[in-house]
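A quick write-up on the structure given underneath.
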Protein chains: 2
Amino acid sequence: MSLIVQKFGGSSVANPDRVRNVARIITETYRKGHNVVVVLSAQGDTTDDLIEQAKQINPKASKREMDMLLATGEQISISLAAMAIEAMGYQVVSLTGWQAGMLTNSSYGSARIKRVRTERIQRELDKKKIVLVAGFQGINKYDDITTLGRGGSDTSAVALAAALHADLCQIYTDVDGVYTADPRVVRGARKLDEITYDEMLELASLGAQVLHNRSVEMAKRYSVNMEVLSSLSGNPGTKVKEVVKTMEKSHVSGVAKDKDVSRLALVGLADQPGIAFKVFSLLAKSNINVDIILQSIGRSETKDISFTVTREDAQRARELLEANRDSLGFTSIEISNDVAKISVVGAGMVNNSGVAAKMFEALFNAGININMISTSEIKISVLVAERDAERAVQAVHDYFFSEFGSAN
Amino acid sequence: MSLIVQKFGGSSVANPDRVRNVARIITETYRKGHNVVVVLSAQGDTTDDLIEQAKQINPKASKREMDMLLATGEQISISLAAMAIEAMGYQVVSLTGWQAGMLTNSSYGSARIKRVRTERIQRELDKKKIVLVAGFQGINKYDDITTLGRGGSDTSAVALAAALHADLCQIYTDVDGVYTADPRVVRGARKLDEITYDEMLELASLGAQVLHNRSVEMAKRYSVNMEVLSSLSGNPGTKVKEVVKTMEKSHVSGVAKDKDVSRLALVGLADQPGIAFKVFSLLAKSNINVDIILQSIGRSETKDISFTVTREDAQRARELLEANRDSLGFTSIEISNDVAKISVVGAGMVNNSGVAAKMFEALFNAGININMISTSEIKISVLVAERDAERAVQAVHDYFFSEFGSAN
């Protein structure tokens with residue numbers, strides 16, 4: 001007998017019909033002879049509604065009380081879903097984060113799971129019950145309720161799957177799985193049968209918001225087999241695992257774009273040793289994540305450094321650097337938001353140096369200028385003008401995935 | 001330094017303005033140098049909304065899952081109120097039933113409080129924090145969430161006051177206190193400064209729905225000083241305690257009516273020993289509470305027994321008796337709903353046998369027929385025709401309380 005952990009997001013339980021649909025999926029899995037542990041998010045807009053109520057009362061409410069408030073959303077979901085499963089004649093029990101033994105640290109609003117005390121869940125499974133667990137929440141050493149922040153329910157599910165040594169962790173969403181590119185935008189985008197953790201991590205960070213990185217990182221660390229699938233279509237989804245069967249054959253698993261990018265250029269920096277270190281440690285200390293970095297070469301005593309950050313961080317980065325202009329010694333700072341990042345991701349890439357060349361060729365043929373380039377073992381990213389982003393993704397995707405003339 | 005427990009009902013926290021108002025009352029009490037522990041109900045219609053949602057999914061949901069669902073209502077209230085108090089610059093912490101140590105038995109939906117483990121609350125009070133506790137809820141020995149049923153938050157407050165040896169337990173409602181009669185209906189109804197537990201118990205059971213009997217019974221058992229007052233007016237309320245100062249002077253503390261009454265008459269019962277016992281033990285076994293009983297005397301071999309029950313129970317009582325007609329041996333059963341019960345309540349009554357006579361005189365003067373009579377140490381009840389109920393209350397109230405010609 002195997003153990004399956006299933007997670008359903010907020011839109012999957014948004015109304016009574018959806019709740020019944022989720023109950024059907026859960027009980028079908030149970031009827032096949034599996035032990036089933038289910039993680040649920042808060043219904044639809046519940047969390048946003050609660051946040052709105054809190055803002056009306058205190059826009060600067062403590063995170064401890066916010067967590068106390070928000071944790072009710074998932075508690076409502078699990079009890080309603082349990083009632084739907086009861087109505088279908090199955091034995092079921094719902095458990096809050098603390099009842100399910102989700103022990104976290106005390107970072108209210110963005111708590112990390114430290115340990116899962118599985119005794120209670122195990123006891124309920126032994127009684128042949130379907131177990132529903134409130135996602136997104138846990139309890140700290142003071143017996144106070146914590147929430148895990150964005151993507152928290154995915155993380156709850158993976159943590160439970162790891163702690164219970166589950167055979168599979170199914171993440172049900174409103175998409176069918178992971179695609180080679182955003183299927184709403186890119187013609188010919190195909191669903192992947194499987195993908196590695198690392199590829200998934202790169203794709204998620206590039207705006208393919210199917211799974212949150214935090215949960216994938218945890219799945220990778222504990223070797224949890226994941227599957228991303230739709231709660232509505234009933235189709236098989238995409239498996240996320242350490243090594244995928246088709247890895248040898250395919251070099252590229254997806255093409256993604258990310259418009260949440262700003263480019264900053266520091267012009268006229270003194271060409272002295274350690275200057276790059278100074279710039280980027282300054283930014284790191286303020287928790288500003290830098291992505292692509294380009295440093296000019298040559299040109300007498302000064303040099304330029306360009307780098308990208310998220311748009312939210314751009315202004316803060318500029319102010320920080322301006323405030324340190326004397327010690328850094330540069331002429332000017334330029335910010336550009338007219339940029340987008342296009343990336344190809346593929347675990348097989350490291351063994352095939354031709355991928356970068358093919359990507360550049362695809363962009364050249366489409367008449368798109370490349371601005372900056374960054375490569376890692378499983379990813380090649382380029383910066384293009386924002387207006388070219390969609391065309392760039394399509395061109396690169398066509399090049400690697402189109403049936404006629406695939407370069408793969 | 002004294003400790004005050006305050007309880008606010010659902011209408012007192014129904015919207016952000018009300019929540020802020022409650023926060024003001026709490027912090028004013030705190031500023032006067034008191035330790036303050038506050039019990040809150042769910043906001044306005046929250047509980048009813050949750051019940052409605054549950055019904056749509058499963059009209060026969062288990063009580064365990066209903067409690068899991070309903071307990072979220074109070075959790076929302078305490079976190080929002082905590083935020084309002086934070087905004088006013090005070091140290092505060094909200095605690096769910098289980099965090100506050102409210103240990104109950106496992107009667108989901110109508111759990112009884114077994115013990116309050118006060119360590120956590122005491123620790124927070126020692127840190128000079130205002131402590132907010134979710135009313136209506138607790139936890140059983142399985143670590144499952146329970147709710148206390150109707151009047152649960154009042155009971156939570158009294159239980160906390162008893163366990164913490166509080167100096168006062170203030171129950172804030174939307175009325176000013178306890179009146180000599182329903183002030184919306186009876187001219188000249190006056191607010192009482194104080195009232196005994198026993199009087200309060202009789203008045204509550206007679207439809208003066210200010211406090212639930214369960215909480216008053218607990219307050220009496222543990223000698224908790226209660227006060228009923230309004231969260232909106234700011235006026236002093238009514239104190240509920242063991243012995244009241246004015247007891248010697250006044251014999252009657254209130255006049256109440258109760259229309260939730262049906263009268264059943266068993267006609268032609270065989271006049272054999274133990275027949276009354278047979279009838280009423282039969283009803284008791286089915287949890288049907290009988291109130292006033294009248295047994296005819298004389299008349300050859302048969303007799304009649306009349307008694308009152310709540311309207312909800314009347315039909316069930318009839319069916320039960322019909323089903324046992326052979327063993328009981330009666331001719332017919334009659335049900336009448338055209339009745340109402342009028343009562344005068346007063347702890348001093350026992351020492352003043354004239355009260356009953358005065359009540360009957362008042363009704364006689366008003367031309368109202370008395371149907372059945374029942375007396376206890378602190379209460380005299382009579383059954384009148386339903387259409388006479390309002391007039392009867394006014395007449396009796398006038399007689400005991402009107403400034404001109406008070407018979408008191």
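By convention in this document, the chains of the structure tokens carry letters A, B, ... by their order, each chain's residues are numbered from 1, and ligands are numbered from 1 in the order they are shown.
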With a distance cut-off of 9 Å and only C-alpha atoms, select the neighbouring residues of Ile113 (chain A), excluding the residue or stretch itself and same-chain residues fewer than 2 positions from it, and output the selection as a PDB file with all heavy atoms, in the first residue's frame.
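As a result, part-v7.pdb now contains:
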ATOM      1  N   MET A 102       2.946  20.367  12.457  1.00  0.00           N
ATOM      2  CA  MET A 102       3.826  21.170  11.608  1.00  0.00           C
ATOM      3  C   MET A 102       4.588  22.173  12.478  1.00  0.00           C
ATOM      4  O   MET A 102       4.090  23.275  12.763  1.00  0.00           O
ATOM      5  CB  MET A 102       3.005  21.938  10.560  1.00  0.00           C
ATOM      6  CG  MET A 102       2.047  21.090   9.725  1.00  0.00           C
ATOM      7  SD  MET A 102       2.878  19.892   8.657  1.00  0.00           S
ATOM      8  CE  MET A 102       3.621  21.006   7.476  1.00  0.00           C
ATOM      9  N   LEU A 103       5.771  21.819  12.918  1.00  0.00           N
ATOM     10  CA  LEU A 103       6.544  22.681  13.804  1.00  0.00           C
ATOM     11  C   LEU A 103       7.413  23.630  12.989  1.00  0.00           C
ATOM     12  O   LEU A 103       8.156  23.204  12.104  1.00  0.00           O
ATOM     13  CB  LEU A 103       7.424  21.835  14.724  1.00  0.00           C
ATOM     14  CG  LEU A 103       6.702  20.696  15.455  1.00  0.00           C
ATOM     15  CD1 LEU A 103       7.657  19.998  16.416  1.00  0.00           C
ATOM     16  CD2 LEU A 103       5.494  21.219  16.207  1.00  0.00           C
ATOM     17  N   THR A 104       7.324  24.912  13.276  1.00  0.00           N
ATOM     18  CA  THR A 104       8.066  25.908  12.504  1.00  0.00           C
ATOM     19  C   THR A 104       8.925  26.770  13.433  1.00  0.00           C
ATOM     20  O   THR A 104       8.798  26.696  14.646  1.00  0.00           O
ATOM     21  CB  THR A 104       7.115  26.855  11.745  1.00  0.00           C
ATOM     22  OG1 THR A 104       6.533  27.780  12.678  1.00  0.00           O
ATOM     23  CG2 THR A 104       6.006  26.090  11.039  1.00  0.00           C
ATOM     24  N   ASN A 105       9.750  27.602  12.823  1.00  0.00           N
ATOM     25  CA  ASN A 105      10.428  28.628  13.625  1.00  0.00           C
ATOM     26  C   ASN A 105       9.435  29.767  13.869  1.00  0.00           C
ATOM     27  O   ASN A 105       8.262  29.647  13.542  1.00  0.00           O
ATOM     28  CB  ASN A 105      11.716  29.093  12.927  1.00  0.00           C
ATOM     29  CG  ASN A 105      11.433  29.855  11.641  1.00  0.00           C
ATOM     30  OD1 ASN A 105      10.296  30.196  11.341  1.00  0.00           O
ATOM     31  ND2 ASN A 105      12.467  30.115  10.887  1.00  0.00           N
ATOM     32  N   ALA A 111       7.312  31.750   8.082  1.00  0.00           N
ATOM     33  CA  ALA A 111       7.952  30.754   8.942  1.00  0.00           C
ATOM     34  C   ALA A 111       8.525  29.601   8.126  1.00  0.00           C
ATOM     35  O   ALA A 111       8.023  29.264   7.054  1.00  0.00           O
ATOM     36  CB  ALA A 111       6.943  30.231   9.965  1.00  0.00           C
ATOM     37  N   ARG A 115      10.268  20.791  11.585  1.00  0.00           N
ATOM     38  CA  ARG A 115      10.072  19.375  11.799  1.00  0.00           C
ATOM     39  C   ARG A 115       8.583  19.085  11.658  1.00  0.00           C
ATOM     40  O   ARG A 115       7.764  19.964  11.924  1.00  0.00           O
ATOM     41  CB  ARG A 115      10.511  19.007  13.221  1.00  0.00           C
ATOM     42  CG  ARG A 115      10.866  17.555  13.419  1.00  0.00           C
ATOM     43  CD  ARG A 115      11.798  17.423  14.629  1.00  0.00           C
ATOM     44  NE  ARG A 115      11.063  17.562  15.880  1.00  0.00           N
ATOM     45  CZ  ARG A 115      10.383  16.569  16.444  1.00  0.00           C
ATOM     46  NH1 ARG A 115      10.330  15.379  15.875  1.00  0.00           N
ATOM     47  NH2 ARG A 115       9.772  16.759  17.594  1.00  0.00           N
ATOM     48  N   VAL A 116       8.245  17.873  11.241  1.00  0.00           N
ATOM     49  CA  VAL A 116       6.841  17.464  11.244  1.00  0.00           C
ATOM     50  C   VAL A 116       6.707  16.305  12.214  1.00  0.00           C
ATOM     51  O   VAL A 116       7.360  15.272  12.057  1.00  0.00           O
ATOM     52  CB  VAL A 116       6.356  17.044   9.841  1.00  0.00           C
ATOM     53  CG1 VAL A 116       4.868  16.714   9.882  1.00  0.00           C
ATOM     54  CG2 VAL A 116       6.631  18.131   8.822  1.00  0.00           C
ATOM     55  N   GLY A 138       1.600  26.525  10.669  1.00  0.00           N
ATOM     56  CA  GLY A 138       2.238  25.645  11.630  1.00  0.00           C
ATOM     57  C   GLY A 138       2.175  26.266  13.008  1.00  0.00           C
ATOM     58  O   GLY A 138       1.357  27.146  13.261  1.00  0.00           O
ATOM     59  N   LEU A 148       3.382  30.273   6.635  1.00  0.00           N
ATOM     60  CA  LEU A 148       4.627  30.009   5.912  1.00  0.00           C
ATOM     61  C   LEU A 148       4.903  31.001   4.795  1.00  0.00           C
ATOM     62  O   LEU A 148       5.931  30.918   4.141  1.00  0.00           O
ATOM     63  CB  LEU A 148       4.589  28.594   5.313  1.00  0.00           C
ATOM     64  CG  LEU A 148       4.206  27.452   6.262  1.00  0.00           C
ATOM     65  CD1 LEU A 148       4.249  26.130   5.518  1.00  0.00           C
ATOM     66  CD2 LEU A 148       5.122  27.401   7.465  1.00  0.00           C
ATOM     67  N   THR A 155       4.631  24.000   0.133  1.00  0.00           N
ATOM     68  CA  THR A 155       5.703  23.598   1.048  1.00  0.00           C
ATOM     69  C   THR A 155       5.180  22.663   2.126  1.00  0.00           C
ATOM     70  O   THR A 155       5.825  21.669   2.468  1.00  0.00           O
ATOM     71  CB  THR A 155       6.332  24.858   1.686  1.00  0.00           C
ATOM     72  OG1 THR A 155       6.686  25.765   0.639  1.00  0.00           O
ATOM     73  CG2 THR A 155       7.569  24.513   2.493  1.00  0.00           C
ATOM     74  N   SER A 156       3.983  22.960   2.659  1.00  0.00           N
ATOM     75  CA  SER A 156       3.367  22.062   3.645  1.00  0.00           C
ATOM     76  C   SER A 156       3.247  20.659   3.066  1.00  0.00           C
ATOM     77  O   SER A 156       3.559  19.668   3.729  1.00  0.00           O
ATOM     78  CB  SER A 156       1.959  22.546   4.023  1.00  0.00           C
ATOM     79  OG  SER A 156       1.960  23.841   4.538  1.00  0.00           O
ATOM     80  N   ALA A 159       6.658  18.963   2.680  1.00  0.00           N
ATOM     81  CA  ALA A 159       7.205  18.625   3.999  1.00  0.00           C
ATOM     82  C   ALA A 159       6.505  17.392   4.565  1.00  0.00           C
ATOM     83  O   ALA A 159       7.153  16.496   5.126  1.00  0.00           O
ATOM     84  CB  ALA A 159       7.043  19.804   4.954  1.00  0.00           C
TER      85      ALA A 159
END
Taking the backbone alone, and naming residues the way the document does, which bits of region 159-365 of chain B are strand (DSSP E or B) by DSSP, as a PDB file with C-alpha atoms, in the first residue's frame?
ATOM      1  CA  LEU B 168     -15.181  40.768  38.336  1.00  0.00           C
ATOM      2  CA  CYS B 169     -16.580  39.220  35.174  1.00  0.00           C
ATOM      3  CA  GLN B 170     -18.193  41.853  32.966  1.00  0.00           C
ATOM      4  CA  ILE B 171     -20.570  40.619  30.275  1.00  0.00           C
ATOM      5  CA  TYR B 172     -20.973  43.346  27.643  1.00  0.00           C
ATOM      6  CA  THR B 173     -24.116  43.047  25.526  1.00  0.00           C
ATOM      7  CA  TYR B 179     -34.604  45.062  33.833  1.00  0.00           C
ATOM      8  CA  LYS B 191     -32.904  48.648  35.294  1.00  0.00           C
ATOM      9  CA  GLU B 194     -28.106  44.169  41.322  1.00  0.00           C
ATOM     10  CA  ILE B 195     -29.722  40.770  41.271  1.00  0.00           C
ATOM     11  CA  THR B 196     -28.940  37.381  42.796  1.00  0.00           C
ATOM     12  CA  MET B 226     -20.749  39.235  37.304  1.00  0.00           C
ATOM     13  CA  GLU B 227     -21.904  42.479  35.784  1.00  0.00           C
ATOM     14  CA  VAL B 228     -24.144  42.797  32.734  1.00  0.00           C
ATOM     15  CA  LEU B 229     -23.643  46.067  30.856  1.00  0.00           C
ATOM     16  CA  SER B 230     -23.789  47.697  27.449  1.00  0.00           C
ATOM     17  CA  THR B 238     -26.530  45.184  36.668  1.00  0.00           C
ATOM     18  CA  LYS B 239     -24.409  43.255  39.162  1.00  0.00           C
ATOM     19  CA  VAL B 240     -25.162  39.544  39.531  1.00  0.00           C
ATOM     20  CA  LYS B 241     -24.005  38.067  42.840  1.00  0.00           C
ATOM     21  CA  GLY B 254     -38.623  41.263  37.804  1.00  0.00           C
ATOM     22  CA  VAL B 255     -41.644  40.247  35.811  1.00  0.00           C
ATOM     23  CA  ALA B 256     -41.165  38.049  32.771  1.00  0.00           C
ATOM     24  CA  LYS B 257     -43.293  36.389  30.154  1.00  0.00           C
ATOM     25  CA  ASP B 258     -42.595  33.259  28.149  1.00  0.00           C
ATOM     26  CA  SER B 262     -47.685  24.451  25.189  1.00  0.00           C
ATOM     27  CA  ARG B 263     -50.125  22.933  27.599  1.00  0.00           C
ATOM     28  CA  LEU B 264     -50.935  19.234  27.353  1.00  0.00           C
ATOM     29  CA  ALA B 265     -53.846  17.664  29.190  1.00  0.00           C
ATOM     30  CA  LEU B 266     -54.149  13.916  29.796  1.00  0.00           C
ATOM     31  CA  VAL B 267     -57.839  13.296  30.368  1.00  0.00           C
ATOM     32  CA  GLY B 268     -59.380  10.296  32.107  1.00  0.00           C
ATOM     33  CA  LEU B 269     -56.279   8.727  33.643  1.00  0.00           C
ATOM     34  CA  ALA B 270     -56.904   5.727  35.853  1.00  0.00           C
ATOM     35  CA  ILE B 293     -47.941  20.511  36.475  1.00  0.00           C
ATOM     36  CA  LEU B 294     -51.559  20.517  37.583  1.00  0.00           C
ATOM     37  CA  GLN B 295     -53.332  17.398  38.777  1.00  0.00           C
ATOM     38  CA  THR B 302     -60.241   8.829  36.938  1.00  0.00           C
ATOM     39  CA  LYS B 303     -58.266  12.031  37.089  1.00  0.00           C
ATOM     40  CA  ASP B 304     -56.732  14.570  34.681  1.00  0.00           C
ATOM     41  CA  ILE B 305     -53.114  15.746  34.554  1.00  0.00           C
ATOM     42  CA  SER B 306     -52.148  18.973  32.771  1.00  0.00           C
ATOM     43  CA  PHE B 307     -48.572  20.099  32.246  1.00  0.00           C
ATOM     44  CA  THR B 308     -46.578  22.515  30.131  1.00  0.00           C
ATOM     45  CA  VAL B 309     -43.628  21.878  27.833  1.00  0.00           C
ATOM     46  CA  SER B 332     -57.574  11.523  25.421  1.00  0.00           C
ATOM     47  CA  ILE B 333     -54.774  14.039  25.062  1.00  0.00           C
ATOM     48  CA  GLU B 334     -55.384  17.716  24.397  1.00  0.00           C
ATOM     49  CA  ILE B 335     -52.747  20.224  23.288  1.00  0.00           C
ATOM     50  CA  SER B 336     -53.158  23.976  23.569  1.00  0.00           C
ATOM     51  CA  VAL B 339     -51.053  29.964  26.505  1.00  0.00           C
ATOM     52  CA  ALA B 340     -48.256  32.083  27.929  1.00  0.00           C
ATOM     53  CA  LYS B 341     -46.438  31.969  31.210  1.00  0.00           C
ATOM     54  CA  ILE B 342     -46.143  35.102  33.362  1.00  0.00           C
ATOM     55  CA  SER B 343     -43.744  35.039  36.282  1.00  0.00           C
ATOM     56  CA  VAL B 344     -42.605  37.278  39.084  1.00  0.00           C
ATOM     57  CA  VAL B 345     -39.116  36.564  40.366  1.00  0.00           C
TER      58      VAL B 345
END
Once you count only C-alpha atoms, which residues of chain B turn out to be within 10 Å of chain A? Could you give them as a ChimeraX atom specification? /B:15-17,19-20,50,53-88,92-96,98-99,120,142-145
Residues near region 356-367 of chain A, cut-off 7 Å, only C-alpha atoms, skip fewer than 5 positions along chain, as JSON, numbers by chain: {"A": [380, 392, 395, 396, 399]}
Pick from B:Val290, B:Met372, B:Ile4, B:Ala181, whichever lies nearest to Gly33 (chain B) using only C-alpha atoms: B:Ile4
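Each of B:Tyr197, B:His165, B:Asn35, B:Tyr108 was compared to Glu124 (chain B) using only C-alpha atoms, and B:Asn35 turns out to be the nearest.
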